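Here's query-v1.txt, which has compact mmCIF, C-alpha atoms:
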# COMPACT_ATOMS: atom_id res chain seq x y z
CA MET A 1 101.71 135.73 109.37
CA ALA A 2 98.93 133.23 108.90
CA PRO A 3 99.69 130.29 106.62
CA THR A 4 97.99 130.11 103.25
CA LEU A 5 96.97 127.34 100.91
CA ASP A 6 100.17 128.02 98.97
CA ASP A 7 102.20 127.42 102.14
CA TYR A 8 100.50 124.04 102.53
CA ILE A 9 101.07 123.14 98.90
CA ASP A 10 104.72 124.22 99.12
CA GLU A 11 105.24 121.74 101.96
CA SER A 12 103.40 118.97 100.11
CA GLU A 13 105.90 118.06 97.45
CA THR A 14 103.50 115.65 95.75
CA TYR A 15 101.68 118.50 94.06
CA ASP A 16 103.15 120.62 91.37
CA ALA A 17 102.62 124.31 90.95
CA ASP A 18 100.61 123.84 87.77
CA ASP A 19 97.76 122.14 89.65
CA ALA A 20 97.78 124.77 92.37
CA ALA A 21 97.83 127.59 89.84
CA GLU A 22 94.51 126.40 88.45
CA ILE A 23 92.65 127.24 91.65
CA PRO A 24 90.59 130.38 91.02
CA ASN A 25 91.81 133.38 93.00
CA ASP A 26 88.49 134.05 94.70
CA LEU A 27 88.27 130.46 95.92
CA ARG A 28 91.92 130.58 97.00
CA ALA A 29 91.19 133.65 99.14
CA GLU A 30 88.28 131.90 100.83
CA ILE A 31 90.38 128.80 101.47
CA ASP A 32 93.11 130.93 103.04
CA THR A 33 90.54 132.52 105.36
CA ASN A 34 89.25 129.12 106.47
CA ILE A 35 92.77 127.78 107.03
CA ASP A 36 93.55 130.84 109.13
CA ASP A 37 90.37 130.38 111.16
CA ALA A 38 91.15 126.68 111.75
CA HIS A 39 94.65 127.57 112.91
CA SER A 40 93.16 129.97 115.41
CA SER A 41 90.60 127.50 116.76
CA MET B 1 81.05 108.09 90.43
CA ASN B 2 78.29 110.67 90.58
CA ARG B 3 79.24 112.22 93.87
CA ARG B 4 82.04 114.05 95.49
CA THR B 5 83.93 112.00 97.98
CA PHE B 6 86.99 112.42 100.06
CA ALA B 7 88.70 109.46 101.62
CA VAL B 8 92.01 109.36 103.38
CA SER B 9 93.47 106.51 105.36
CA LEU B 10 96.26 106.71 107.87
CA GLY B 11 98.64 103.24 107.84
CA ALA B 12 101.42 102.49 110.23
CA LEU B 13 105.00 101.54 109.71
CA VAL B 14 107.12 101.36 112.80
CA GLY B 15 110.80 102.16 112.89
CA GLY B 16 113.28 101.78 115.72
CA GLY B 17 112.05 98.36 116.75
CA ALA B 18 114.61 97.90 119.50
CA ALA B 19 113.61 101.14 121.12
CA ILE B 20 109.93 100.22 120.97
CA GLY B 21 110.73 96.95 122.68
CA THR B 22 111.97 98.91 125.66
CA GLY B 23 108.89 101.12 125.77
CA ALA B 24 110.92 104.17 124.71
CA PHE B 25 110.54 104.92 121.05
CA SER B 26 112.93 106.89 118.94
CA SER B 27 110.89 107.06 115.78
CA VAL B 28 107.59 105.98 114.32
CA THR B 29 106.51 106.36 110.73
CA ALA B 30 102.83 105.80 110.11
CA GLU B 31 101.17 105.77 106.71
CA ARG B 32 97.40 106.06 106.76
CA ASP B 33 94.74 105.85 103.91
CA PHE B 34 93.58 109.37 103.29
CA ASP B 35 89.95 107.74 101.88
CA VAL B 36 90.47 110.57 104.44
CA VAL B 37 92.45 106.97 107.57
CA VAL B 38 95.74 105.43 111.06
CA SER B 39 96.36 101.74 113.48
CA GLY B 40 94.94 99.73 116.47
CA ASP B 41 96.42 103.02 116.96
CA ALA B 42 94.61 104.35 119.95
CA GLY B 43 96.77 102.51 122.44
CA ALA B 44 100.11 102.72 120.65
CA TYR B 45 103.05 104.80 121.83
CA LEU B 46 102.14 107.15 119.05
CA GLY B 47 98.45 107.49 119.73
CA LEU B 48 96.37 108.06 116.59
CA GLN B 49 92.75 108.50 117.55
CA SER B 50 89.54 109.95 116.28
CA HIS B 51 88.68 113.12 118.16
CA PRO B 52 86.28 112.53 121.10
CA GLY B 53 84.07 115.36 119.83
CA PRO B 54 81.29 114.99 117.24
CA ASN B 55 83.54 115.56 114.21
CA GLY B 56 85.64 112.59 115.31
CA ALA B 57 83.04 110.52 113.44
CA TYR B 58 84.68 111.62 110.20
CA ALA B 59 87.73 109.60 111.27
CA ASP B 60 86.74 105.96 110.94
CA THR B 61 88.40 102.68 111.90
CA THR B 62 89.45 100.43 109.01
CA PRO B 63 89.00 96.61 109.01
CA GLN B 64 92.69 96.47 109.95
CA ASP B 65 91.87 98.47 113.12
CA THR B 66 93.68 101.51 111.84
CA LEU B 67 92.37 105.04 111.94
CA GLY B 68 91.47 106.76 108.72
CA VAL B 69 89.77 109.93 107.67
CA ASP B 70 86.67 108.94 105.71
CA LEU B 71 84.42 111.54 104.17
CA THR B 72 82.74 109.02 101.88
CA ASP B 73 79.78 106.67 101.82
CA SER B 74 82.00 103.92 103.28
CA ASN B 75 82.27 105.62 106.69
CA SER B 76 80.81 103.12 109.22
CA ASN B 77 79.50 105.97 111.38
CA ILE B 78 76.88 106.84 108.77
CA GLY B 79 73.47 106.22 110.26
CA THR B 80 74.74 106.68 113.81
CA ALA B 81 77.01 109.64 114.52
CA ILE B 82 76.72 110.84 110.91
CA SER B 83 73.12 111.41 109.86
CA GLY B 84 73.34 110.12 106.32
CA GLY B 85 75.87 112.44 104.66
CA GLU B 86 78.18 110.65 102.22
CA GLY B 87 80.58 113.31 101.05
CA VAL B 88 81.51 116.96 101.07
CA ASN B 89 79.30 119.48 99.29
CA ALA B 90 79.97 120.42 95.70
CA ASN B 91 80.82 124.05 95.03
CA ALA B 92 81.51 124.63 98.68
CA LEU B 93 84.20 125.24 101.22
CA SER B 94 83.85 122.96 104.25
CA THR B 95 85.69 123.13 107.58
CA PHE B 96 85.81 120.09 109.87
CA LEU B 97 87.30 121.06 113.22
CA ASN B 98 88.73 118.40 115.56
CA VAL B 99 88.63 115.29 113.35
CA PHE B 100 91.59 113.31 114.69
CA ARG B 101 94.15 113.53 117.45
CA ILE B 102 97.79 112.50 117.75
CA THR B 103 99.02 111.81 121.29
CA ASN B 104 102.51 111.12 122.60
CA GLN B 105 101.95 108.04 124.74
CA GLY B 106 105.65 107.28 125.01
CA THR B 107 108.36 108.33 127.39
CA GLN B 108 110.13 111.18 125.66
CA ALA B 109 109.44 114.23 123.53
CA ILE B 110 108.78 113.63 119.85
CA ASP B 111 108.52 115.69 116.70
CA VAL B 112 105.51 114.77 114.57
CA GLU B 113 105.35 115.45 110.85
CA ILE B 114 102.54 114.84 108.37
CA ASP B 115 102.93 114.56 104.63
CA PRO B 116 101.31 115.63 102.43
CA LEU B 117 99.47 118.54 103.98
CA VAL B 118 97.18 118.98 101.00
CA PHE B 119 95.38 116.66 98.61
CA LEU B 120 94.38 118.17 95.31
CA GLU B 121 92.49 116.67 92.39
CA THR B 122 91.80 118.89 89.42
CA GLU B 123 90.12 118.60 86.09
CA LEU B 124 89.89 122.32 85.62
CA PRO B 125 88.17 124.29 84.31
CA GLN B 126 85.43 121.78 85.15
CA SER B 127 86.30 120.24 88.50
CA LEU B 128 88.41 120.75 91.58
CA LEU B 129 88.55 118.88 94.89
CA GLY B 130 91.07 119.68 97.59
CA VAL B 131 91.61 118.97 101.27
CA ALA B 132 94.11 120.60 103.64
CA ILE B 133 95.15 119.15 107.02
CA VAL B 134 95.41 121.90 109.64
CA PRO B 135 97.52 122.75 111.60
CA ALA B 136 100.49 120.90 110.22
CA ILE B 137 102.23 123.78 108.56
CA ASN B 138 105.67 124.61 109.95
CA ASN B 139 106.32 120.92 110.57
CA PRO B 140 107.24 119.32 112.86
CA ILE B 141 104.93 119.60 115.85
CA ARG B 142 106.71 118.80 119.14
CA LEU B 143 104.79 116.72 121.69
CA THR B 144 106.10 115.92 125.15
CA PRO B 145 104.85 112.71 126.84
CA GLY B 146 101.12 113.05 127.45
CA ASP B 147 100.71 115.92 125.01
CA ASP B 148 98.29 115.73 122.12
CA GLN B 149 97.51 117.71 119.00
CA ASP B 150 94.09 117.94 117.35
CA PHE B 151 93.81 118.17 113.57
CA HIS B 152 91.20 119.80 111.37
CA LEU B 153 90.29 119.45 107.70
CA ILE B 154 89.52 122.16 105.15
CA ALA B 155 87.79 120.70 102.08
CA PHE B 156 87.07 122.78 99.00
CA SER B 157 85.34 121.88 95.78
CA PHE B 158 84.40 123.52 92.54
CA GLU B 159 82.18 121.87 89.97
CA ALA B 160 81.29 123.87 86.89
CA ASP B 161 78.62 121.49 85.63
CA GLY B 162 77.17 120.56 89.00
CA GLU B 163 78.12 116.92 88.53
CA PRO B 164 80.57 115.95 91.25
CA ASP B 165 82.96 113.28 90.02
CA LEU B 166 86.28 113.72 91.78
CA ARG B 167 87.58 111.65 94.66
CA VAL B 168 90.64 111.76 96.87
CA ASP B 169 91.70 108.22 97.78
CA GLU B 170 95.22 108.61 99.09
CA GLN B 171 97.34 108.11 102.19
CA ILE B 172 98.99 110.50 104.56
CA GLU B 173 102.25 109.62 106.28
CA ILE B 174 102.64 110.48 109.93
CA THR B 175 106.21 110.42 111.18
CA ALA B 176 107.25 110.80 114.81
CA THR B 177 110.90 111.04 115.73
CA GLU B 178 112.65 111.52 119.06
CA ALA B 179 113.03 115.24 119.68
Can the structure in the file be given as C-alpha cells, please?
Amino acid sequence: MAPTLDDYIDESETYDADDAAEIPNDLRAEIDTNIDDAHSS
Amino acid sequence: MNRRTFAVSLGALVGGGAAIGTGAFSSVTAERDFDVVVSGDAGAYLGLQSHPGPNGAYADTTPQDTLGVDLTDSNSNIGTAISGGEGVNANALSTFLNVFRITNQGTQAIDVEIDPLVFLETELPQSLLGVAIVPAINNPIRLTPGDDQDFHLIAFSFEADGEPDLRVDEQIEITATEA
C-alpha cells in the first residue's frame, strides 16, 4: 500500500495531529497522489 | 515576508570517531538546515550531495560547505541553474524529483534514517505550507558500499488571501548506522 501524508506525519514526531488535521481533505488527497507518484519514480 | 519560501539545511554531527579514523564508520548523524540544507559532504564516508540532474540546483551549498535544500531567494543557483524563481507557488502542489542524494562511501552496509519526514507550518484557515521528503517512509533505508539513494520533495501550499507569508526554516537530521 502506498504511503500517505499521514504516514509521513506519523513518522515525524515533531508535528502533532492537530496541525495535520487542519489540512483540507481535497488537498490531502492530492498530496497523497503526488507522494505515491514520487515513490514510484 | 510577502512570499512563500521553503528552506531546509542539512548539518553534520559525526559519531563513532574511532571507527571513522580507521575508514570504517559505524554511525554518522548529520543535521542539515532544512532552509530546505548537509557538509563538505560530497566526499565524506556518508556522501550527501546535490543530485547531478537539473533539480539538484534546489540543493545548495552553505557557506560552511554543507549541503542544504534551499527553495528560497537565498539559493546561490538563482540566475544560473535556476532562472529566477525564489520560492514555491502559492495555492499549489509542487513535486521536485531528484533533489539530493545520499551515498554510502564507506566500507560496510549502513541504515540511513531521516527525521523529520515532513515540515508543516499552518495558520489555518488562512495559510498552510508543507514539505514532505520522499522516499524516506519505512525508515531506515539500507545502503551497501557504493549504493546511493535519491530524494524528492513534495511541497504544498494553501493561501486563502493570496498573500504568501509562511516559511519553513528548519533542519533535517540524517543518521547512518552500521547495518
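For the pair atom CA of Val112 of chain B and atom CA of Ile174 of chain B, the interatomic distance is 6.9 Å.
Shell of Pro3 of chain A at 12 Å, with only C-alpha atoms counted and residues fewer than 3 places along the chain excluded, is Asp6, Asp7, Tyr8, Ile9, Asp10, Glu11, Ala29, Ile31, Asp32, Thr33, Asn34, Ile35, Asp36, Asp37, Ala38, His39 and Ser40 of chain A; Ala132, Val134, Pro135, Ala136, Ile137 and Asn138 of chain B.
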State, in Å with one decimal place, the distance from atom CA of Glu159 of chain B to atom CA of Pro54 of chain B.
28.1 Å
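Excluding Arg142 of chain B itself and any same-chain residue fewer than 3 positions from it, the protein and nucleic acid residues within 7 Å of it, counting all atoms listed in the file, are Ala109, Ile110, Asp111 and Val112 of chain B.
Distances here use all atoms listed in the file; by that measure, the residue among B:Ser94, B:Ser157, B:Gln64, B:Thr175 closest to Gln126 of chain B is B:Ser157.
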Selection near Leu153 of chain B, 8 Å with all atoms listed in the file, sequence-local residues under 3 positions removed, as JSON, numbers by chain:
{"B": [95, 96, 97, 99, 131, 132, 133, 134]}
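A straight line drawn from atom CA of Val118 of chain B to atom CA of Phe156 of chain B is 11.0 Å long.
Distances to chain B were evaluated for A:Ile23, A:Ser12, A:Ser41, A:Arg28 using all atoms listed in the file, and the minimum falls at A:Ser12.
Among the candidates B:Ala44, B:Ala176, B:Val168, B:Ala160, the residue lying nearest to Ser127 of chain B is B:Ala160 (atoms considered: all atoms listed in the file).
With all atoms listed in the file as the basis for measurement, B:Pro140 is the residue among B:Gly47, B:Gly87, B:Pro140, B:Pro52 that approaches chain A most closely.
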Using only C-alpha atoms, which residue out of B:Gln105, B:Thr122, B:Asn98, B:Thr144 lies closest to Tyr45 of chain B?
B:Gln105
Restricting to all atoms listed in the file, whichever of B:Leu93, B:Asp150, B:Gly53, B:Asp165 is closest to chain A is B:Leu93
